[in-house]
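These notes concern the structure reproduced below.
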Amino acid sequence: YDSENVPNSYICFDFKDHCISLSAYSIQSSSNSTPDYLKSWIIEGSNGENEWIELDSHSNDSSLCSHSVIRTFQICNDKKTKQPFKFIRIRMTGPSSRNVYSIEIANIEFFGKYYKL
């Protein structure tokens, strides 16, 4: 996936008639020949796309700044973040490794409890 170069770029996942209580997620960095790596992002959950709850965030994190590397990030579950969400999005909160605002990732995977609505 490669978004346009726009501040606050994001990818939103709609689980349709399901929801997920997220416990962790994995991101695989770009595998392009001239990669651009995600460094600052936030994972958010929502049940209506109007109000978003922060589940995890990273600022100037270089753990994804290698070709096709996969990293797994745990969600610190508290009462707010433990609830199930119909929408999960990853939103860029700062520039990438090439100092632009486009999300470039090869893969993202979510872990947690999956529920039917």
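Residue numbering restarts at 1 in every chain; chains get A, B, ... in the order shown in the structure tokens, and ligands count up from 1 in that same order.
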Considering only strand (DSSP E) as DSSP defines it on the backbone, what residues of chain A qualify? List them as a PDB file with N, CA, C and O atoms, in the first residue's frame.
ATOM      1  N   TYR A  10      -4.023   8.050   6.061  1.00  0.00           N
ATOM      2  CA  TYR A  10      -4.415   6.899   6.866  1.00  0.00           C
ATOM      3  C   TYR A  10      -4.971   5.781   5.996  1.00  0.00           C
ATOM      4  O   TYR A  10      -5.331   5.985   4.844  1.00  0.00           O
ATOM      5  N   ILE A  11      -5.024   4.593   6.601  1.00  0.00           N
ATOM      6  CA  ILE A  11      -5.693   3.423   6.025  1.00  0.00           C
ATOM      7  C   ILE A  11      -6.734   3.019   7.060  1.00  0.00           C
ATOM      8  O   ILE A  11      -6.408   2.856   8.240  1.00  0.00           O
ATOM      9  N   CYS A  12      -7.974   2.858   6.636  1.00  0.00           N
ATOM     10  CA  CYS A  12      -9.049   2.475   7.550  1.00  0.00           C
ATOM     11  C   CYS A  12      -9.581   1.097   7.153  1.00  0.00           C
ATOM     12  O   CYS A  12      -9.874   0.851   5.982  1.00  0.00           O
ATOM     13  N   PHE A  13      -9.714   0.221   8.131  1.00  0.00           N
ATOM     14  CA  PHE A  13     -10.230  -1.125   7.922  1.00  0.00           C
ATOM     15  C   PHE A  13     -11.624  -1.212   8.537  1.00  0.00           C
ATOM     16  O   PHE A  13     -11.795  -0.950   9.729  1.00  0.00           O
ATOM     17  N   ASP A  14     -12.606  -1.567   7.721  1.00  0.00           N
ATOM     18  CA  ASP A  14     -14.004  -1.709   8.144  1.00  0.00           C
ATOM     19  C   ASP A  14     -14.299  -3.200   8.259  1.00  0.00           C
ATOM     20  O   ASP A  14     -14.243  -3.929   7.270  1.00  0.00           O
ATOM     21  N   HIS A  18     -18.679  -7.357  11.740  1.00  0.00           N
ATOM     22  CA  HIS A  18     -17.837  -7.894  12.800  1.00  0.00           C
ATOM     23  C   HIS A  18     -17.128  -6.736  13.499  1.00  0.00           C
ATOM     24  O   HIS A  18     -17.163  -5.604  13.035  1.00  0.00           O
ATOM     25  N   CYS A  19     -16.468  -7.044  14.603  1.00  0.00           N
ATOM     26  CA  CYS A  19     -15.621  -6.066  15.277  1.00  0.00           C
ATOM     27  C   CYS A  19     -14.462  -6.822  15.919  1.00  0.00           C
ATOM     28  O   CYS A  19     -14.487  -8.048  16.029  1.00  0.00           O
ATOM     29  N   ILE A  20     -13.447  -6.075  16.332  1.00  0.00           N
ATOM     30  CA  ILE A  20     -12.254  -6.689  16.898  1.00  0.00           C
ATOM     31  C   ILE A  20     -11.829  -5.931  18.147  1.00  0.00           C
ATOM     32  O   ILE A  20     -11.879  -4.706  18.188  1.00  0.00           O
ATOM     33  N   SER A  21     -11.438  -6.696  19.155  1.00  0.00           N
ATOM     34  CA  SER A  21     -10.795  -6.149  20.344  1.00  0.00           C
ATOM     35  C   SER A  21      -9.304  -6.417  20.126  1.00  0.00           C
ATOM     36  O   SER A  21      -8.841  -7.551  20.238  1.00  0.00           O
ATOM     37  N   LEU A  22      -8.572  -5.391  19.777  1.00  0.00           N
ATOM     38  CA  LEU A  22      -7.189  -5.517  19.331  1.00  0.00           C
ATOM     39  C   LEU A  22      -6.230  -5.737  20.495  1.00  0.00           C
ATOM     40  O   LEU A  22      -6.275  -5.019  21.492  1.00  0.00           O
ATOM     41  N   SER A  23      -5.348  -6.739  20.375  1.00  0.00           N
ATOM     42  CA  SER A  23      -4.330  -6.975  21.399  1.00  0.00           C
ATOM     43  C   SER A  23      -2.917  -6.711  20.862  1.00  0.00           C
ATOM     44  O   SER A  23      -2.006  -6.439  21.638  1.00  0.00           O
ATOM     45  N   ALA A  24      -2.748  -6.783  19.532  1.00  0.00           N
ATOM     46  CA  ALA A  24      -1.452  -6.523  18.908  1.00  0.00           C
ATOM     47  C   ALA A  24      -1.661  -6.349  17.408  1.00  0.00           C
ATOM     48  O   ALA A  24      -2.734  -6.672  16.877  1.00  0.00           O
ATOM     49  N   TYR A  25      -0.629  -5.859  16.738  1.00  0.00           N
ATOM     50  CA  TYR A  25      -0.655  -5.739  15.283  1.00  0.00           C
ATOM     51  C   TYR A  25       0.771  -5.825  14.758  1.00  0.00           C
ATOM     52  O   TYR A  25       1.730  -5.520  15.467  1.00  0.00           O
ATOM     53  N   SER A  26       0.904  -6.310  13.535  1.00  0.00           N
ATOM     54  CA  SER A  26       2.203  -6.403  12.877  1.00  0.00           C
ATOM     55  C   SER A  26       2.179  -5.563  11.615  1.00  0.00           C
ATOM     56  O   SER A  26       1.173  -5.528  10.907  1.00  0.00           O
ATOM     57  N   ILE A  27       3.292  -4.917  11.328  1.00  0.00           N
ATOM     58  CA  ILE A  27       3.462  -4.149  10.094  1.00  0.00           C
ATOM     59  C   ILE A  27       4.716  -4.658   9.400  1.00  0.00           C
ATOM     60  O   ILE A  27       5.748  -4.862  10.046  1.00  0.00           O
ATOM     61  N   GLN A  28       4.603  -4.868   8.096  1.00  0.00           N
ATOM     62  CA  GLN A  28       5.770  -5.177   7.284  1.00  0.00           C
ATOM     63  C   GLN A  28       6.119  -3.924   6.506  1.00  0.00           C
ATOM     64  O   GLN A  28       5.274  -3.358   5.806  1.00  0.00           O
ATOM     65  N   SER A  29       7.357  -3.481   6.635  1.00  0.00           N
ATOM     66  CA  SER A  29       7.786  -2.260   5.951  1.00  0.00           C
ATOM     67  C   SER A  29       7.812  -2.455   4.438  1.00  0.00           C
ATOM     68  O   SER A  29       7.714  -3.572   3.936  1.00  0.00           O
ATOM     69  N   TRP A  41       3.201   7.111  13.729  1.00  0.00           N
ATOM     70  CA  TRP A  41       1.833   6.702  13.427  1.00  0.00           C
ATOM     71  C   TRP A  41       1.042   6.488  14.712  1.00  0.00           C
ATOM     72  O   TRP A  41       1.573   6.423  15.804  1.00  0.00           O
ATOM     73  N   ILE A  42      -0.263   6.375  14.517  1.00  0.00           N
ATOM     74  CA  ILE A  42      -1.192   6.085  15.599  1.00  0.00           C
ATOM     75  C   ILE A  42      -2.164   5.017  15.088  1.00  0.00           C
ATOM     76  O   ILE A  42      -2.547   5.029  13.920  1.00  0.00           O
ATOM     77  N   ILE A  43      -2.506   4.071  15.943  1.00  0.00           N
ATOM     78  CA  ILE A  43      -3.548   3.083  15.647  1.00  0.00           C
ATOM     79  C   ILE A  43      -4.766   3.523  16.455  1.00  0.00           C
ATOM     80  O   ILE A  43      -4.660   3.785  17.657  1.00  0.00           O
ATOM     81  N   GLU A  44      -5.908   3.625  15.768  1.00  0.00           N
ATOM     82  CA  GLU A  44      -7.130   4.093  16.414  1.00  0.00           C
ATOM     83  C   GLU A  44      -8.289   3.140  16.126  1.00  0.00           C
ATOM     84  O   GLU A  44      -8.307   2.479  15.090  1.00  0.00           O
ATOM     85  N   GLY A  45      -9.237   3.107  17.052  1.00  0.00           N
ATOM     86  CA  GLY A  45     -10.439   2.305  16.879  1.00  0.00           C
ATOM     87  C   GLY A  45     -11.675   3.183  16.983  1.00  0.00           C
ATOM     88  O   GLY A  45     -11.672   4.199  17.672  1.00  0.00           O
ATOM     89  N   SER A  46     -12.729   2.777  16.252  1.00  0.00           N
ATOM     90  CA  SER A  46     -13.989   3.518  16.273  1.00  0.00           C
ATOM     91  C   SER A  46     -15.140   2.560  15.989  1.00  0.00           C
ATOM     92  O   SER A  46     -14.961   1.515  15.366  1.00  0.00           O
ATOM     93  N   ILE A  53     -10.617   6.372  19.181  1.00  0.00           N
ATOM     94  CA  ILE A  53      -9.916   6.138  20.434  1.00  0.00           C
ATOM     95  C   ILE A  53      -8.515   5.636  20.110  1.00  0.00           C
ATOM     96  O   ILE A  53      -8.353   4.675  19.348  1.00  0.00           O
ATOM     97  N   GLU A  54      -7.518   6.285  20.691  1.00  0.00           N
ATOM     98  CA  GLU A  54      -6.131   5.887  20.468  1.00  0.00           C
ATOM     99  C   GLU A  54      -5.853   4.549  21.135  1.00  0.00           C
ATOM    100  O   GLU A  54      -6.126   4.364  22.318  1.00  0.00           O
ATOM    101  N   LEU A  55      -5.312   3.613  20.359  1.00  0.00           N
ATOM    102  CA  LEU A  55      -4.958   2.300  20.877  1.00  0.00           C
ATOM    103  C   LEU A  55      -3.450   2.147  21.047  1.00  0.00           C
ATOM    104  O   LEU A  55      -2.990   1.433  21.931  1.00  0.00           O
ATOM    105  N   ASP A  56      -2.691   2.801  20.184  1.00  0.00           N
ATOM    106  CA  ASP A  56      -1.233   2.736  20.236  1.00  0.00           C
ATOM    107  C   ASP A  56      -0.669   3.876  19.397  1.00  0.00           C
ATOM    108  O   ASP A  56      -1.317   4.315  18.438  1.00  0.00           O
ATOM    109  N   SER A  57       0.536   4.335  19.738  1.00  0.00           N
ATOM    110  CA  SER A  57       1.173   5.376  18.928  1.00  0.00           C
ATOM    111  C   SER A  57       2.682   5.239  18.983  1.00  0.00           C
ATOM    112  O   SER A  57       3.233   4.708  19.962  1.00  0.00           O
ATOM    113  N   HIS A  58       3.329   5.717  17.944  1.00  0.00           N
ATOM    114  CA  HIS A  58       4.786   5.712  17.844  1.00  0.00           C
ATOM    115  C   HIS A  58       5.209   7.022  17.204  1.00  0.00           C
ATOM    116  O   HIS A  58       4.585   7.480  16.246  1.00  0.00           O
ATOM    117  N   ILE A  70       9.490  -7.009   9.447  1.00  0.00           N
ATOM    118  CA  ILE A  70       8.190  -7.175  10.101  1.00  0.00           C
ATOM    119  C   ILE A  70       8.374  -6.948  11.596  1.00  0.00           C
ATOM    120  O   ILE A  70       9.244  -7.549  12.220  1.00  0.00           O
ATOM    121  N   ARG A  71       7.545  -6.079  12.150  1.00  0.00           N
ATOM    122  CA  ARG A  71       7.571  -5.801  13.583  1.00  0.00           C
ATOM    123  C   ARG A  71       6.159  -5.964  14.139  1.00  0.00           C
ATOM    124  O   ARG A  71       5.177  -5.590  13.492  1.00  0.00           O
ATOM    125  N   THR A  72       6.079  -6.501  15.349  1.00  0.00           N
ATOM    126  CA  THR A  72       4.800  -6.667  16.038  1.00  0.00           C
ATOM    127  C   THR A  72       4.767  -5.728  17.228  1.00  0.00           C
ATOM    128  O   THR A  72       5.746  -5.622  17.969  1.00  0.00           O
ATOM    129  N   PHE A  73       3.632  -5.049  17.393  1.00  0.00           N
ATOM    130  CA  PHE A  73       3.453  -4.061  18.457  1.00  0.00           C
ATOM    131  C   PHE A  73       2.268  -4.490  19.324  1.00  0.00           C
ATOM    132  O   PHE A  73       1.195  -4.804  18.812  1.00  0.00           O
ATOM    133  N   GLN A  74       2.482  -4.504  20.635  1.00  0.00           N
ATOM    134  CA  GLN A  74       1.441  -4.878  21.587  1.00  0.00           C
ATOM    135  C   GLN A  74       0.576  -3.663  21.913  1.00  0.00           C
ATOM    136  O   GLN A  74       1.064  -2.539  21.967  1.00  0.00           O
ATOM    137  N   PHE A  87     -14.176  -0.342  13.284  1.00  0.00           N
ATOM    138  CA  PHE A  87     -13.184   0.284  12.406  1.00  0.00           C
ATOM    139  C   PHE A  87     -11.846   0.380  13.129  1.00  0.00           C
ATOM    140  O   PHE A  87     -11.798   0.797  14.278  1.00  0.00           O
ATOM    141  N   ILE A  88     -10.784   0.025  12.435  1.00  0.00           N
ATOM    142  CA  ILE A  88      -9.422   0.223  12.916  1.00  0.00           C
ATOM    143  C   ILE A  88      -8.682   0.989  11.827  1.00  0.00           C
ATOM    144  O   ILE A  88      -8.783   0.653  10.647  1.00  0.00           O
ATOM    145  N   ARG A  89      -7.963   2.037  12.230  1.00  0.00           N
ATOM    146  CA  ARG A  89      -7.182   2.751  11.223  1.00  0.00           C
ATOM    147  C   ARG A  89      -5.771   3.009  11.735  1.00  0.00           C
ATOM    148  O   ARG A  89      -5.545   3.132  12.935  1.00  0.00           O
ATOM    149  N   ILE A  90      -4.867   3.081  10.789  1.00  0.00           N
ATOM    150  CA  ILE A  90      -3.502   3.494  11.055  1.00  0.00           C
ATOM    151  C   ILE A  90      -3.345   4.845  10.370  1.00  0.00           C
ATOM    152  O   ILE A  90      -3.627   4.982   9.179  1.00  0.00           O
ATOM    153  N   ARG A  91      -2.956   5.844  11.170  1.00  0.00           N
ATOM    154  CA  ARG A  91      -2.846   7.216  10.661  1.00  0.00           C
ATOM    155  C   ARG A  91      -1.430   7.728  10.891  1.00  0.00           C
ATOM    156  O   ARG A  91      -0.878   7.607  11.974  1.00  0.00           O
ATOM    157  N   MET A  92      -0.871   8.296   9.856  1.00  0.00           N
ATOM    158  CA  MET A  92       0.478   8.848   9.920  1.00  0.00           C
ATOM    159  C   MET A  92       0.444  10.164  10.700  1.00  0.00           C
ATOM    160  O   MET A  92      -0.397  11.016  10.447  1.00  0.00           O
ATOM    161  N   ILE A 105       3.504   0.691   3.135  1.00  0.00           N
ATOM    162  CA  ILE A 105       3.732  -0.558   3.862  1.00  0.00           C
ATOM    163  C   ILE A 105       3.425  -1.734   2.944  1.00  0.00           C
ATOM    164  O   ILE A 105       2.627  -1.623   2.005  1.00  0.00           O
ATOM    165  N   ALA A 106       4.051  -2.862   3.225  1.00  0.00           N
ATOM    166  CA  ALA A 106       3.814  -4.070   2.437  1.00  0.00           C
ATOM    167  C   ALA A 106       2.663  -4.894   3.008  1.00  0.00           C
ATOM    168  O   ALA A 106       1.929  -5.541   2.267  1.00  0.00           O
ATOM    169  N   ASN A 107       2.491  -4.854   4.349  1.00  0.00           N
ATOM    170  CA  ASN A 107       1.481  -5.708   4.968  1.00  0.00           C
ATOM    171  C   ASN A 107       1.167  -5.193   6.373  1.00  0.00           C
ATOM    172  O   ASN A 107       2.015  -4.621   7.036  1.00  0.00           O
ATOM    173  N   ILE A 108      -0.073  -5.429   6.796  1.00  0.00           N
ATOM    174  CA  ILE A 108      -0.465  -5.162   8.184  1.00  0.00           C
ATOM    175  C   ILE A 108      -1.359  -6.322   8.626  1.00  0.00           C
ATOM    176  O   ILE A 108      -2.153  -6.845   7.838  1.00  0.00           O
ATOM    177  N   GLU A 109      -1.189  -6.745   9.865  1.00  0.00           N
ATOM    178  CA  GLU A 109      -1.962  -7.863  10.400  1.00  0.00           C
ATOM    179  C   GLU A 109      -2.428  -7.500  11.801  1.00  0.00           C
ATOM    180  O   GLU A 109      -1.664  -6.936  12.587  1.00  0.00           O
ATOM    181  N   PHE A 110      -3.683  -7.826  12.118  1.00  0.00           N
ATOM    182  CA  PHE A 110      -4.256  -7.520  13.425  1.00  0.00           C
ATOM    183  C   PHE A 110      -4.441  -8.797  14.227  1.00  0.00           C
ATOM    184  O   PHE A 110      -4.795  -9.840  13.681  1.00  0.00           O
ATOM    185  N   PHE A 111      -4.237  -8.698  15.552  1.00  0.00           N
ATOM    186  CA  PHE A 111      -4.424  -9.817  16.465  1.00  0.00           C
ATOM    187  C   PHE A 111      -5.370  -9.384  17.576  1.00  0.00           C
ATOM    188  O   PHE A 111      -5.304  -8.248  18.036  1.00  0.00           O
ATOM    189  N   GLY A 112      -6.237 -10.282  17.983  1.00  0.00           N
ATOM    190  CA  GLY A 112      -7.162  -9.982  19.064  1.00  0.00           C
ATOM    191  C   GLY A 112      -8.381 -10.872  18.985  1.00  0.00           C
ATOM    192  O   GLY A 112      -8.378 -11.903  18.313  1.00  0.00           O
ATOM    193  N   LYS A 113      -9.448 -10.466  19.669  1.00  0.00           N
ATOM    194  CA  LYS A 113     -10.712 -11.214  19.636  1.00  0.00           C
ATOM    195  C   LYS A 113     -11.610 -10.624  18.561  1.00  0.00           C
ATOM    196  O   LYS A 113     -11.788  -9.415  18.485  1.00  0.00           O
ATOM    197  N   TYR A 114     -12.183 -11.515  17.772  1.00  0.00           N
ATOM    198  CA  TYR A 114     -13.017 -11.142  16.623  1.00  0.00           C
ATOM    199  C   TYR A 114     -14.447 -11.538  16.962  1.00  0.00           C
ATOM    200  O   TYR A 114     -14.715 -12.683  17.343  1.00  0.00           O
ATOM    201  N   TYR A 115     -15.375 -10.577  16.832  1.00  0.00           N
ATOM    202  CA  TYR A 115     -16.766 -10.798  17.226  1.00  0.00           C
ATOM    203  C   TYR A 115     -17.709 -10.546  16.066  1.00  0.00           C
ATOM    204  O   TYR A 115     -17.485  -9.648  15.258  1.00  0.00           O
ATOM    205  N   LYS A 116     -18.802 -11.275  16.040  1.00  0.00           N
ATOM    206  CA  LYS A 116     -19.904 -11.009  15.093  1.00  0.00           C
ATOM    207  C   LYS A 116     -20.830 -10.004  15.759  1.00  0.00           C
ATOM    208  O   LYS A 116     -21.143 -10.131  16.938  1.00  0.00           O
TER     209      LYS A 116
END
Counting only C-alpha atoms, what is within 10 Å of Leu117 (chain A), bar same-chain residues fewer than 5 positions away, as an MDAnalysis selection string? chainID A and resid 15:19 84 86
Pick from A:Glu51, A:Glu104, A:Asp2, A:Asp78 nearest to Leu38 (chain A), counting only C-alpha atoms: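 When distances to Leu38 (chain A) are compared using only C-alpha atoms, the smallest one comes from A:Glu104.
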